[in-house]
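Raw contents of work_8.cif, mmCIF, C-alpha atoms:
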```
data_entry
#
loop_
_atom_site.label_atom_id
_atom_site.label_comp_id
_atom_site.auth_asym_id
_atom_site.auth_seq_id
_atom_site.Cartn_x
_atom_site.Cartn_y
_atom_site.Cartn_z
CA MET A 377 123.09 103.24 153.55
CA LYS A 378 124.81 106.56 152.92
CA LEU A 379 123.11 109.63 154.33
CA GLU A 380 122.84 111.21 150.88
CA THR A 381 121.15 108.08 149.56
CA ALA A 382 118.75 108.05 152.52
CA LEU A 383 117.65 111.63 151.87
CA LYS A 384 116.94 110.76 148.24
CA SER A 385 115.05 107.56 149.11
CA LEU A 386 112.28 108.97 151.33
CA ASN A 387 109.85 108.69 148.41
CA HIS A 388 111.12 105.27 147.30
CA LYS A 389 108.40 102.94 146.04
CA ASP A 390 109.25 100.36 148.74
CA ARG A 391 107.97 101.05 152.25
CA GLN A 392 110.82 99.29 154.05
CA THR A 393 113.39 101.23 152.04
CA ARG A 394 111.67 104.46 153.04
CA LEU A 395 111.69 103.56 156.71
CA GLU A 396 115.31 102.43 156.58
CA SER A 397 116.09 105.83 155.07
CA VAL A 398 114.40 107.54 158.02
CA ARG A 399 116.41 105.38 160.44
CA ARG A 400 119.62 106.40 158.68
CA ILE A 401 118.61 110.07 158.80
CA SER A 402 117.77 109.75 162.50
CA ARG A 403 121.23 108.35 163.17
CA GLY A 404 122.71 111.17 161.09
CA ILE A 405 120.99 113.77 163.28
CA LYS A 406 122.16 112.09 166.48
CA ASN A 407 125.72 111.82 165.14
CA ASP A 408 125.81 115.49 164.06
CA GLU A 409 125.98 114.60 160.36
CA LEU A 410 122.90 116.80 159.93
CA LEU A 411 122.17 120.00 161.76
CA PRO A 412 119.21 119.45 164.10
CA VAL A 413 116.14 121.63 163.63
CA ASN A 414 114.64 123.15 166.76
CA ARG A 415 111.04 122.21 167.50
CA ARG A 416 108.48 124.99 167.62
CA ASN A 417 105.11 124.62 169.27
CA GLU A 418 103.49 124.25 165.89
CA CYS A 419 101.09 121.75 164.38
CA ASN A 420 99.60 120.71 161.05
CA ASN A 421 96.92 118.06 161.30
CA HIS A 422 95.95 117.62 157.66
CA VAL A 423 98.73 116.38 155.39
CA HIS A 424 97.92 113.95 152.58
CA SER A 425 100.34 111.22 151.56
CA GLN A 426 100.80 109.25 148.35
CA TYR A 427 98.17 106.84 149.69
CA SER A 428 95.65 109.42 148.50
CA PHE A 429 97.19 112.23 146.44
CA SER A 430 100.39 114.01 147.41
CA PRO A 431 104.04 114.46 146.42
CA TYR A 432 105.01 112.84 149.73
CA SER A 433 105.24 109.34 151.12
CA PRO A 434 104.35 109.00 154.83
CA SER A 435 108.09 108.94 155.60
CA MET A 436 108.66 112.08 153.55
CA ILE A 437 105.84 113.83 155.42
CA ALA A 438 107.60 113.07 158.70
CA TRP A 439 110.87 114.45 157.30
CA LYS A 440 109.18 117.58 155.94
CA ALA A 441 107.54 118.09 159.32
CA TYR A 442 110.91 117.75 161.03
CA ARG A 443 112.60 120.17 158.63
CA SER A 444 109.75 122.65 159.12
CA GLY A 445 110.24 122.58 162.89
CA LEU A 446 106.82 121.09 163.65
CA SER A 447 106.32 119.42 167.01
CA THR A 448 103.30 117.47 165.83
CA CYS A 449 101.94 116.44 162.44
CA GLY A 450 98.87 114.57 161.25
CA ILE A 451 98.38 112.28 158.26
CA ILE A 452 95.02 112.40 156.45
CA ASP A 453 94.31 110.32 153.34
CA HIS A 454 91.12 109.96 151.34
CA GLU A 455 89.32 106.75 152.32
CA SER A 456 92.59 105.05 153.30
CA VAL A 457 94.59 104.41 156.46
CA ALA A 458 97.28 102.36 154.70
CA GLY A 459 100.01 104.94 155.36
CA CYS A 460 99.33 105.41 159.08
CA GLY A 461 101.69 102.72 160.40
CA GLU A 462 104.65 103.96 158.37
CA PHE A 463 103.90 107.55 159.33
CA ARG A 464 103.82 106.78 163.06
CA GLU A 465 107.13 104.94 162.89
CA ALA A 466 108.82 107.64 160.80
CA CYS A 467 107.62 110.32 163.21
CA ARG A 468 108.88 108.34 166.20
CA LEU A 469 112.33 108.06 164.65
CA LEU A 470 112.50 111.81 164.00
CA GLY A 471 111.01 112.97 167.29
CA ILE A 472 107.75 114.24 165.77
CA VAL A 473 104.53 113.51 167.66
CA PRO A 474 102.08 111.96 165.17
CA THR A 475 98.32 112.09 164.99
CA ILE A 476 96.46 109.97 162.48
CA GLY A 477 93.19 110.15 160.61
CA PHE A 478 91.52 109.84 157.23
CA GLU A 479 89.05 111.76 155.08
CA ILE A 480 85.73 110.62 153.68
CA ARG A 481 82.81 112.16 151.84
CA LEU A 482 79.32 111.86 153.29
CA ASN A 483 75.98 112.54 151.63
CA TRP A 484 73.15 114.73 152.90
CA ASN A 485 70.51 113.18 150.62
CA HIS A 486 68.19 112.28 153.49
CA THR A 487 68.40 115.61 155.32
CA ILE A 488 66.76 119.01 154.94
CA LEU A 489 69.98 120.24 153.31
CA LYS A 490 69.71 117.89 150.34
CA ASP A 491 70.86 119.42 147.05
CA ARG A 492 72.81 122.21 148.75
CA MET A 493 76.46 122.99 148.03
CA PHE A 494 78.89 122.08 150.79
CA ASN A 495 82.68 121.90 150.49
CA ASN A 496 82.69 119.75 147.36
CA PRO A 497 83.00 121.84 144.17
CA ASP A 498 81.96 118.93 141.95
CA GLN A 499 78.76 117.58 143.51
CA LYS A 500 75.88 118.91 145.59
CA SER A 501 74.63 117.07 148.68
CA VAL A 502 78.14 115.72 149.36
CA GLY A 503 80.67 117.06 151.86
CA TYR A 504 84.24 116.23 152.87
CA PHE A 505 84.79 115.12 156.47
CA PRO A 506 88.28 114.74 157.95
CA ILE A 507 88.26 112.16 160.73
CA HIS A 508 90.84 113.00 163.40
CA GLY A 509 92.15 111.33 166.53
CA VAL A 510 91.90 107.75 165.27
CA PRO A 511 92.93 105.19 167.91
CA PHE A 512 95.65 103.05 166.34
CA SER A 513 94.04 99.84 167.62
CA ARG A 514 90.88 100.58 165.60
CA LEU A 515 92.60 100.70 162.20
CA PRO A 516 91.49 97.17 161.17
CA GLU A 517 87.85 98.06 161.85
CA ILE A 518 88.23 101.34 159.97
CA GLU A 519 89.82 99.60 157.00
CA LYS A 520 86.83 97.24 156.90
CA PHE A 521 84.58 100.32 156.75
CA LEU A 522 86.66 102.04 154.04
CA TYR A 523 87.35 99.11 151.72
CA PRO A 524 83.94 98.99 149.96
CA ILE A 525 84.00 102.78 149.63
CA ARG A 526 87.33 102.61 147.77
CA GLN A 527 86.04 99.83 145.55
CA GLU A 528 82.98 101.84 144.57
CA ARG A 529 85.13 104.88 143.90
CA PHE A 530 87.40 102.77 141.68
CA ARG A 531 84.42 101.81 139.51
CA ARG A 532 83.48 105.47 139.19
CA ASN A 533 87.10 106.35 138.36
CA GLN A 534 87.00 103.89 135.47
CA LYS A 535 84.07 105.82 133.99
CA MET A 536 85.88 109.13 134.42
CA VAL A 537 89.03 107.78 132.79
CA LYS A 538 86.91 106.93 129.75
CA ASN A 539 85.55 110.49 129.72
CA ILE A 540 89.07 111.94 129.76
CA ASP A 541 90.23 109.44 127.16
CA SER A 542 87.46 110.53 124.79
CA ILE A 543 88.83 114.08 124.92
CA LEU A 544 92.49 113.11 124.60
CA HIS A 545 91.72 111.02 121.51
CA ASN A 546 91.07 114.31 119.68
CA TYR A 547 94.77 115.12 120.16
CA GLY A 548 96.26 111.74 119.39
CA LEU A 549 96.54 110.66 123.03
CA GLU A 550 94.82 108.10 125.23
CA LEU A 551 94.44 107.42 128.95
CA ASP A 552 94.19 103.92 130.42
CA MET A 553 93.39 103.02 134.03
CA ASP A 554 95.75 100.03 134.25
CA TRP A 555 98.66 101.49 132.29
CA ASP A 556 98.52 105.15 133.29
CA VAL A 557 96.52 105.77 136.46
CA ILE A 558 97.18 102.86 138.80
CA PRO A 559 101.00 103.24 138.41
CA VAL A 560 100.87 106.83 139.76
CA SER A 561 98.91 105.71 142.83
CA LYS A 562 99.26 103.38 145.83
CA TRP A 563 96.11 101.50 144.87
CA LEU A 564 97.78 98.08 145.01
CA GLU A 565 98.94 98.81 148.59
CA GLY A 566 95.58 99.85 150.02
CA GLY A 567 95.77 103.46 148.94
CA ASN A 568 93.05 105.30 147.06
CA ILE A 569 92.69 106.77 143.59
CA THR A 570 91.21 110.26 143.48
CA GLU A 571 90.23 112.61 140.67
CA ARG A 572 93.64 114.24 141.07
CA HIS A 573 95.34 110.94 140.14
CA LEU A 574 93.41 110.89 136.89
CA LEU A 575 94.47 114.43 136.09
CA TYR A 576 98.06 113.81 137.18
CA ALA A 577 98.23 110.83 134.82
CA THR A 578 96.78 113.09 132.12
CA ALA A 579 99.46 115.70 132.80
CA LYS A 580 102.11 112.99 132.43
CA LYS A 581 100.61 112.02 129.07
CA LEU A 582 100.68 115.61 127.84
CA LEU A 583 104.29 116.01 128.93
CA GLN A 584 105.22 113.05 126.77
CA LYS A 585 103.98 114.96 123.72
CA TYR A 586 104.40 118.66 124.53
CA ARG A 587 107.63 120.19 125.81
CA PRO A 588 107.56 122.26 129.01
CA GLY A 589 107.39 125.97 128.32
CA GLN A 590 105.66 127.70 125.43
CA GLU A 591 104.73 124.49 123.63
CA MET A 592 102.75 123.24 126.66
CA ILE A 593 101.26 126.67 127.33
CA SER A 594 100.18 127.00 123.71
CA PHE A 595 98.44 123.61 123.76
CA LEU A 596 96.59 124.34 126.98
CA LYS A 597 95.52 127.84 125.97
CA ASN A 598 94.98 127.53 122.23
CA ARG A 599 93.92 123.89 121.78
CA LEU A 600 92.05 123.22 125.01
CA GLY A 601 90.98 126.83 125.52
CA ILE A 602 92.06 126.97 129.15
CA GLN A 603 92.32 130.39 130.75
CA MET A 604 95.03 130.34 133.38
CA SER A 605 96.12 132.88 135.95
CA GLU A 606 99.36 134.83 135.60
CA THR A 607 100.82 132.82 138.47
CA SER A 608 99.93 129.46 136.94
CA GLU A 609 101.25 130.48 133.53
CA SER A 610 104.48 131.77 135.04
CA TYR A 611 105.09 128.35 136.59
CA LEU A 612 104.75 126.71 133.17
CA THR A 613 107.27 129.08 131.58
CA GLN A 614 109.92 127.67 133.95
CA THR A 615 111.09 124.67 131.96
CA GLU A 616 113.28 123.35 134.79
CA ASN A 617 110.46 123.71 137.31
CA PRO A 618 110.62 120.56 139.52
CA PHE A 619 106.87 120.75 140.17
CA TYR A 620 105.86 121.05 136.53
CA ASP A 621 103.66 117.95 136.48
CA PHE A 622 101.78 119.13 139.58
CA ASP A 623 101.34 122.62 138.13
CA VAL A 624 99.88 121.18 134.92
CA THR A 625 97.60 118.96 137.01
CA ASN A 626 96.20 121.97 138.85
CA ILE A 627 95.48 123.76 135.57
CA LEU A 628 93.81 120.67 134.08
CA LYS A 629 91.50 120.33 137.07
CA GLY A 630 89.60 123.48 136.17
CA PHE A 631 89.13 122.26 132.58
CA PHE A 632 88.51 118.52 132.86
CA SER A 633 86.41 118.42 136.04
CA GLU A 634 83.29 119.57 134.21
CA TYR A 635 83.70 117.04 131.40
CA MET A 636 85.00 114.04 133.26
CA TYR A 637 83.08 114.08 136.53
CA VAL A 638 80.63 111.31 137.36
CA ASN A 639 78.52 111.73 140.49
CA ALA A 640 79.46 109.58 143.47
CA SER A 641 76.84 107.11 144.65
CA GLU A 642 75.54 106.69 148.19
CA THR A 643 77.68 103.56 148.51
CA GLU A 644 80.76 105.72 148.02
CA THR A 645 79.42 108.55 150.20
CA PRO A 646 77.73 107.11 153.31
CA ASP A 647 74.78 108.82 154.98
CA VAL A 648 75.96 111.69 157.19
CA GLU A 649 73.30 110.93 159.84
CA LYS A 650 74.53 107.36 160.26
CA ALA A 651 78.26 107.69 159.61
CA ILE A 652 79.04 110.30 162.26
CA PRO A 653 77.55 108.31 165.19
CA TYR A 654 79.31 105.17 163.93
CA LEU A 655 82.72 106.87 163.68
CA LYS A 656 82.28 108.35 167.15
CA LYS A 657 81.36 104.91 168.47
CA ILE A 658 84.71 103.47 167.37
CA GLY A 659 86.68 106.30 168.97
CA CYS A 660 87.22 108.73 166.10
CA ILE A 661 86.70 112.51 166.10
CA PRO A 662 84.66 113.35 162.99
CA THR A 663 84.93 116.91 161.72
CA TYR A 664 83.53 118.85 158.82
CA THR A 665 86.21 120.79 156.97
CA TYR A 666 85.06 124.34 156.33
CA LEU A 667 85.97 125.51 152.84
CA GLY A 668 84.19 128.82 152.65
CA ASP A 669 83.14 130.71 149.55
CA VAL A 670 86.11 131.16 147.22
CA LYS A 671 86.17 134.82 146.18
CA THR A 672 89.42 134.76 144.18
CA GLU A 673 91.92 132.08 143.12
CA SER A 674 92.31 129.42 145.80
CA VAL A 675 95.57 128.82 147.66
CA THR A 676 96.28 125.61 145.75
CA GLY A 677 95.43 127.29 142.46
CA ASP A 678 92.88 124.64 141.47
CA LYS A 679 89.56 126.14 142.60
CA LYS A 680 87.75 128.87 140.77
CA PRO A 681 85.63 131.55 142.51
CA GLN A 682 82.54 129.75 143.72
CA LYS A 683 79.96 129.79 146.53
CA PHE A 684 80.07 126.94 149.01
CA GLU A 685 78.60 126.66 152.49
CA ASP A 686 78.79 130.17 153.95
CA ASP A 687 75.04 130.79 153.56
CA ILE A 688 74.03 127.57 155.32
CA LEU A 689 76.86 127.15 157.82
CA ASP A 690 74.78 127.88 160.93
CA GLU A 691 72.03 125.47 159.94
CA MET A 692 74.56 122.85 158.89
CA LEU A 693 76.47 122.94 162.17
CA ALA A 694 73.22 122.67 164.11
CA LEU A 695 72.44 119.47 162.22
CA LEU A 696 75.94 118.06 162.65
CA ARG A 697 75.78 118.79 166.36
CA SER A 698 72.49 116.87 166.57
CA TYR A 699 74.25 113.88 164.96
CA GLY A 700 76.89 113.99 167.69
CA MET A 701 79.74 115.78 165.91
CA GLY A 702 81.70 117.97 168.30
CA ALA A 703 84.49 119.45 166.17
CA LEU A 704 85.02 121.56 163.05
CA SER A 705 88.23 121.75 161.02
CA TYR A 706 89.45 124.52 158.77
CA ALA A 707 92.60 125.92 157.16
CA PRO A 708 92.89 129.58 158.21
CA ARG A 709 95.33 130.41 155.42
CA ARG A 710 92.66 129.98 152.75
CA ASN A 711 89.98 132.13 154.39
CA ASP A 712 89.66 135.85 155.05
CA SER A 713 89.28 137.39 158.51
CA HIS A 714 85.50 137.75 158.16
CA GLN A 715 85.13 134.03 157.43
CA ILE A 716 87.41 133.03 160.30
CA ASN A 717 85.49 135.21 162.75
CA MET A 718 82.19 133.75 161.54
CA VAL A 719 83.45 130.19 161.96
CA ARG A 720 84.87 130.85 165.41
CA LYS A 721 81.63 132.42 166.63
CA LEU A 722 79.60 129.46 165.39
CA CYS A 723 81.98 126.98 167.02
CA LYS A 724 81.51 128.82 170.29
CA LYS A 725 77.72 128.84 169.78
CA TYR A 726 77.63 125.08 169.25
CA ASP A 727 80.40 124.23 171.73
CA MET A 728 82.59 122.67 169.04
CA MET A 729 86.32 122.06 169.10
CA GLU A 730 88.25 123.89 166.36
CA VAL A 731 90.87 121.81 164.56
CA ALA A 732 93.55 123.32 162.30
CA GLY A 733 94.96 121.79 159.17
CA GLU A 734 96.43 123.21 155.99
CA ASP A 735 95.27 120.37 153.70
CA ILE A 736 98.70 119.71 152.19
CA ASN A 737 98.58 117.84 148.87
CA GLN A 738 100.73 120.05 146.63
CA PRO A 739 104.52 120.62 146.62
CA ARG A 740 104.21 124.42 146.78
CA GLN A 741 102.28 124.43 150.05
CA PRO A 742 104.27 125.23 153.23
CA PHE A 743 103.85 122.98 156.24
CA VAL A 744 103.89 125.94 158.64
CA ASN A 745 101.37 128.77 158.66
CA LEU A 746 103.27 131.96 159.41
CA HIS A 747 100.21 134.22 159.23
CA LEU A 748 98.19 133.10 162.24
CA ASP A 749 97.69 135.54 165.08
CA ASN A 750 98.89 134.35 168.49
CA GLU A 751 95.42 133.76 169.92
CA ILE A 752 94.31 131.36 167.18
CA LYS A 753 97.72 129.67 167.07
CA LYS A 754 97.63 129.06 170.82
CA TYR A 755 94.16 127.53 170.57
CA PHE A 756 95.13 125.26 167.67
CA ASP A 757 98.17 124.04 169.57
CA LEU A 758 95.91 123.25 172.53
CA THR A 759 93.42 121.27 170.43
CA THR A 760 96.18 119.36 168.67
CA TRP A 761 97.62 118.10 171.93
CA ALA A 762 94.10 117.31 173.15
CA ILE A 763 93.53 115.18 170.03
CA ILE A 764 96.82 113.39 170.71
CA GLY A 765 95.70 112.84 174.29
CA HIS A 766 92.42 111.46 173.02
CA GLU A 767 94.21 109.01 170.70
CA LYS A 768 96.33 107.71 173.55
CA MET A 769 93.42 107.36 175.99
CA ALA A 770 90.91 105.93 173.49
CA ASP A 771 93.50 103.44 172.30
CA VAL A 772 93.30 101.86 175.75
CA SER A 773 89.59 102.38 176.40
CA LEU A 774 86.94 104.10 174.28
CA ASP A 775 85.24 105.20 177.49
CA ASP A 776 88.21 107.48 178.10
CA GLY A 777 88.00 109.24 174.75
CA PHE A 778 87.53 112.99 174.52
CA PHE A 779 83.85 112.83 173.49
CA SER A 780 82.75 109.77 175.48
CA LYS A 781 79.77 110.11 177.80
CA LYS A 782 82.00 109.32 180.77
CA THR A 783 84.49 112.05 179.87
CA ILE A 784 81.85 114.69 179.12
CA LYS A 785 80.12 113.96 182.45
CA LYS A 786 83.44 114.37 184.26
CA TYR A 787 84.53 117.45 182.28
CA PRO A 788 81.37 119.07 180.87
CA GLU A 789 83.08 122.32 179.88
CA LEU A 790 84.92 122.07 176.55
CA SER A 791 87.66 124.46 177.67
CA GLU A 792 88.42 122.37 180.76
CA ARG A 793 88.35 119.10 178.80
CA LEU A 794 90.81 120.51 176.25
CA LYS A 795 93.30 121.38 178.98
CA VAL A 796 92.95 117.97 180.62
CA TYR A 797 93.50 116.11 177.36
CA GLU A 798 96.34 118.41 176.40
CA LYS A 799 98.10 117.16 179.53
CA PHE A 800 97.26 113.56 178.62
CA GLY A 801 98.84 114.11 175.21
CA LYS A 802 102.03 115.67 176.49
CA THR A 803 102.32 113.16 179.33
CA ALA A 804 101.91 110.23 176.95
CA VAL A 805 104.69 111.65 174.78
CA ARG A 806 107.08 111.88 177.72
CA GLU A 807 106.29 108.32 178.67
#
```

Can the structure from this file be put into structure tokens for me?
Amino acid sequence: MKLETALKSLNHKDRQTRLESVRRISRGIKNDELLPVNRRNECNNHVHSQYSFSPYSPSMIAWKAYRSGLSTCGIIDHESVAGCGEFREACRLLGIVPTIGFEIRLNWNHTILKDRMFNNPDQKSVGYFPIHGVPFSRLPEIEKFLYPIRQERFRRNQKMVKNIDSILHNYGLELDMDWDVIPVSKWLEGGNITERHLLYATAKKLLQKYRPGQEMISFLKNRLGIQMSETSESYLTQTENPFYDFDVTNILKGFFSEYMYVNASETETPDVEKAIPYLKKIGCIPTYTYLGDVKTESVTGDKKPQKFEDDILDEMLALLRSYGMGALSYAPRRNDSHQINMVRKLCKKYDMMEVAGEDINQPRQPFVNLHLDNEIKKYFDLTTWAIIGHEKMADVSLDDGFFSKKTIKKYPELSERLKVYEKFGKTAVRE
């Protein structure tokens, strides 16, 4: 395979072709066909692949991480671990240290916080939980846990496709699950279909009828009545914009979500009180991902100003701590300094590990956060390596995981435990 072909094949539909491309690129770096990129002590633990919704295959994530100079990178997909094996292998070939996980939604229906808004803009009583530090040996058990969740979500997606289709019919268009949605997903390979897939398929349909530029803008603004920001509209004026379909998807989210959304059932969103202890039991590190009240346009351009969990964060973390959760994740780039300080104080209050992740699922998002101050960056680097150390240790024995009773008894102070597991992570990499 030629190097040029390999670089263009990282998002190929075939997994083996993607991995062969990474092998060819790895040889190209070693043979000085490509300039090597120096590693920086930088992490990003929350990158989605095409096995949920993303422009990137697991192999492409590894390549993007390499090109960005990351030392470590983590894959997170919604209710799927199907991309984890490919991601680990691609990272190994490129000299990136991987960490793996997945993301699920849990319900608070049987708690005192029922009917409150968490980090889900579409449904109360439901929150998103990234699960970090997954031991590779536990993936079959995790897949058994996730499979019925994906199936239930698929049934709900079918209802939402019908809701979108009823709107598109007014404009001479239609949307079909089998013909339009499944083909833009990795559903047949164990991936998941999210609301974004439905909207992405809708964007593709619109682009078949309306030309990029003023024709598309006119339809969205004048026919659908969508109010878009100056930034979003400027993207759509660029007719050669390579991310046009993603930009249209983001704009559609604000319009269609209200009309298409069907509430997720408790089968699709397990009970938070039961799920967290179970996930800890099998060696995972459950976290809640702090969103924070959105005061202006969100970083990804697809969330309107809205209140989320800021008013109940203290009470929520107290509950999560009582369920056994010992970590909180957040993306500093999407929060202001007041929110970050609030979160950090509460993590200290409840003795919780802070996990960084930029929640990459759009092509315009950078893999590296260049706006972190040195103190927070240093802490996030420490926790990343500790998570990697946990994965390595828990893969051999769950009793040696970061949050096991044995480990906590031996290293009761969180700060000491982080340093110990940081060493485990870096030692395992050298081995």

Going by the chain IDs and residue numbers used in this file, which residues fall under the PyMOL selection byres ((chain A and resi 678-693) around 9)? Write them as a PDB file with C-alpha atoms, in the coordinates of the input.
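Output file out_1.pdb follows:
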```
ATOM      1  CA  LEU A 489      69.980 120.240 153.310  1.00  0.00           C
ATOM      2  CA  ARG A 492      72.810 122.210 148.750  1.00  0.00           C
ATOM      3  CA  MET A 493      76.460 122.990 148.030  1.00  0.00           C
ATOM      4  CA  PHE A 494      78.890 122.080 150.790  1.00  0.00           C
ATOM      5  CA  ASN A 495      82.680 121.900 150.490  1.00  0.00           C
ATOM      6  CA  ASN A 496      82.690 119.750 147.360  1.00  0.00           C
ATOM      7  CA  PRO A 497      83.000 121.840 144.170  1.00  0.00           C
ATOM      8  CA  THR A 625      97.600 118.960 137.010  1.00  0.00           C
ATOM      9  CA  ASN A 626      96.200 121.970 138.850  1.00  0.00           C
ATOM     10  CA  ILE A 627      95.480 123.760 135.570  1.00  0.00           C
ATOM     11  CA  LEU A 628      93.810 120.670 134.080  1.00  0.00           C
ATOM     12  CA  LYS A 629      91.500 120.330 137.070  1.00  0.00           C
ATOM     13  CA  GLY A 630      89.600 123.480 136.170  1.00  0.00           C
ATOM     14  CA  TYR A 664      83.530 118.850 158.820  1.00  0.00           C
ATOM     15  CA  TYR A 666      85.060 124.340 156.330  1.00  0.00           C
ATOM     16  CA  LEU A 667      85.970 125.510 152.840  1.00  0.00           C
ATOM     17  CA  GLY A 668      84.190 128.820 152.650  1.00  0.00           C
ATOM     18  CA  ASP A 669      83.140 130.710 149.550  1.00  0.00           C
ATOM     19  CA  VAL A 670      86.110 131.160 147.220  1.00  0.00           C
ATOM     20  CA  LYS A 671      86.170 134.820 146.180  1.00  0.00           C
ATOM     21  CA  THR A 672      89.420 134.760 144.180  1.00  0.00           C
ATOM     22  CA  GLU A 673      91.920 132.080 143.120  1.00  0.00           C
ATOM     23  CA  SER A 674      92.310 129.420 145.800  1.00  0.00           C
ATOM     24  CA  VAL A 675      95.570 128.820 147.660  1.00  0.00           C
ATOM     25  CA  THR A 676      96.280 125.610 145.750  1.00  0.00           C
ATOM     26  CA  GLY A 677      95.430 127.290 142.460  1.00  0.00           C
ATOM     27  CA  ALA A 694      73.220 122.670 164.110  1.00  0.00           C
ATOM     28  CA  LEU A 695      72.440 119.470 162.220  1.00  0.00           C
ATOM     29  CA  LEU A 696      75.940 118.060 162.650  1.00  0.00           C
ATOM     30  CA  ARG A 697      75.780 118.790 166.360  1.00  0.00           C
ATOM     31  CA  SER A 698      72.490 116.870 166.570  1.00  0.00           C
ATOM     32  CA  MET A 701      79.740 115.780 165.910  1.00  0.00           C
ATOM     33  CA  LEU A 704      85.020 121.560 163.050  1.00  0.00           C
ATOM     34  CA  GLN A 715      85.130 134.030 157.430  1.00  0.00           C
ATOM     35  CA  VAL A 719      83.450 130.190 161.960  1.00  0.00           C
ATOM     36  CA  LEU A 722      79.600 129.460 165.390  1.00  0.00           C
ATOM     37  CA  CYS A 723      81.980 126.980 167.020  1.00  0.00           C
ATOM     38  CA  TYR A 726      77.630 125.080 169.250  1.00  0.00           C
TER      39      TYR A 726
END
```

Can you tell me which residues surround Val731 in chain A at a distance of at most 8 Å, considering all atoms listed in the file, apart from same-chain residues fewer than 6 positions away, and format the answer as a PDB file with C-alpha atoms, in the coordinates of the input?
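out_38.pdb, freshly written:
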```
ATOM      1  CA  ASN A 421      96.920 118.060 161.300  1.00  0.00           C
ATOM      2  CA  ALA A 703      84.490 119.450 166.170  1.00  0.00           C
ATOM      3  CA  LEU A 704      85.020 121.560 163.050  1.00  0.00           C
ATOM      4  CA  SER A 705      88.230 121.750 161.020  1.00  0.00           C
ATOM      5  CA  TYR A 706      89.450 124.520 158.770  1.00  0.00           C
ATOM      6  CA  PHE A 756      95.130 125.260 167.670  1.00  0.00           C
ATOM      7  CA  THR A 759      93.420 121.270 170.430  1.00  0.00           C
ATOM      8  CA  THR A 760      96.180 119.360 168.670  1.00  0.00           C
TER       9      THR A 760
END
```

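The shell of residues at most 9 Å from Leu582 in chain A, with only C-alpha atoms counted and near chain neighbours (fewer than 4 positions) removed, consists of A:Leu549, A:Ala577, A:Thr578, A:Tyr586, A:Arg587, A:Met592.
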
State, in Å with one decimal place, the distance from CA of Ile558 in chain A to CA of Asn387 in chain A.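 Atom-to-atom, CA of Ile558 in chain A to CA of Asn387 in chain A, that is 16.9 Å.
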
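Using all atoms listed in the file, the smallest distance between any of A:Thr783, A:Gln741, A:Ser456, A:Ser402 and Ala438 in chain A comes from A:Ser402.
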
With the file shown as input, list the residues that the PyMOL selection byres ((chain A and resi 538) around 12) selects, as a PyMOL selection string. chain A and resi 531-537+539-545+550-553+557+574+578+635-638

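Environment of (76.2, 107.4, 151.2): residues at most 12 Å away, judged by all atoms listed in the file, are Ile480, Arg481, Leu482, Asn483, Trp484, Asn485, His486, Ser501, Val502, Gly503, Pro524, Ile525, Glu528, Arg529, Asn639, Ala640, Ser641, Glu642, Thr643, Glu644, Thr645, Pro646, Asp647, Val648, Glu649, Lys650, Ala651 and Ile652 of chain A.
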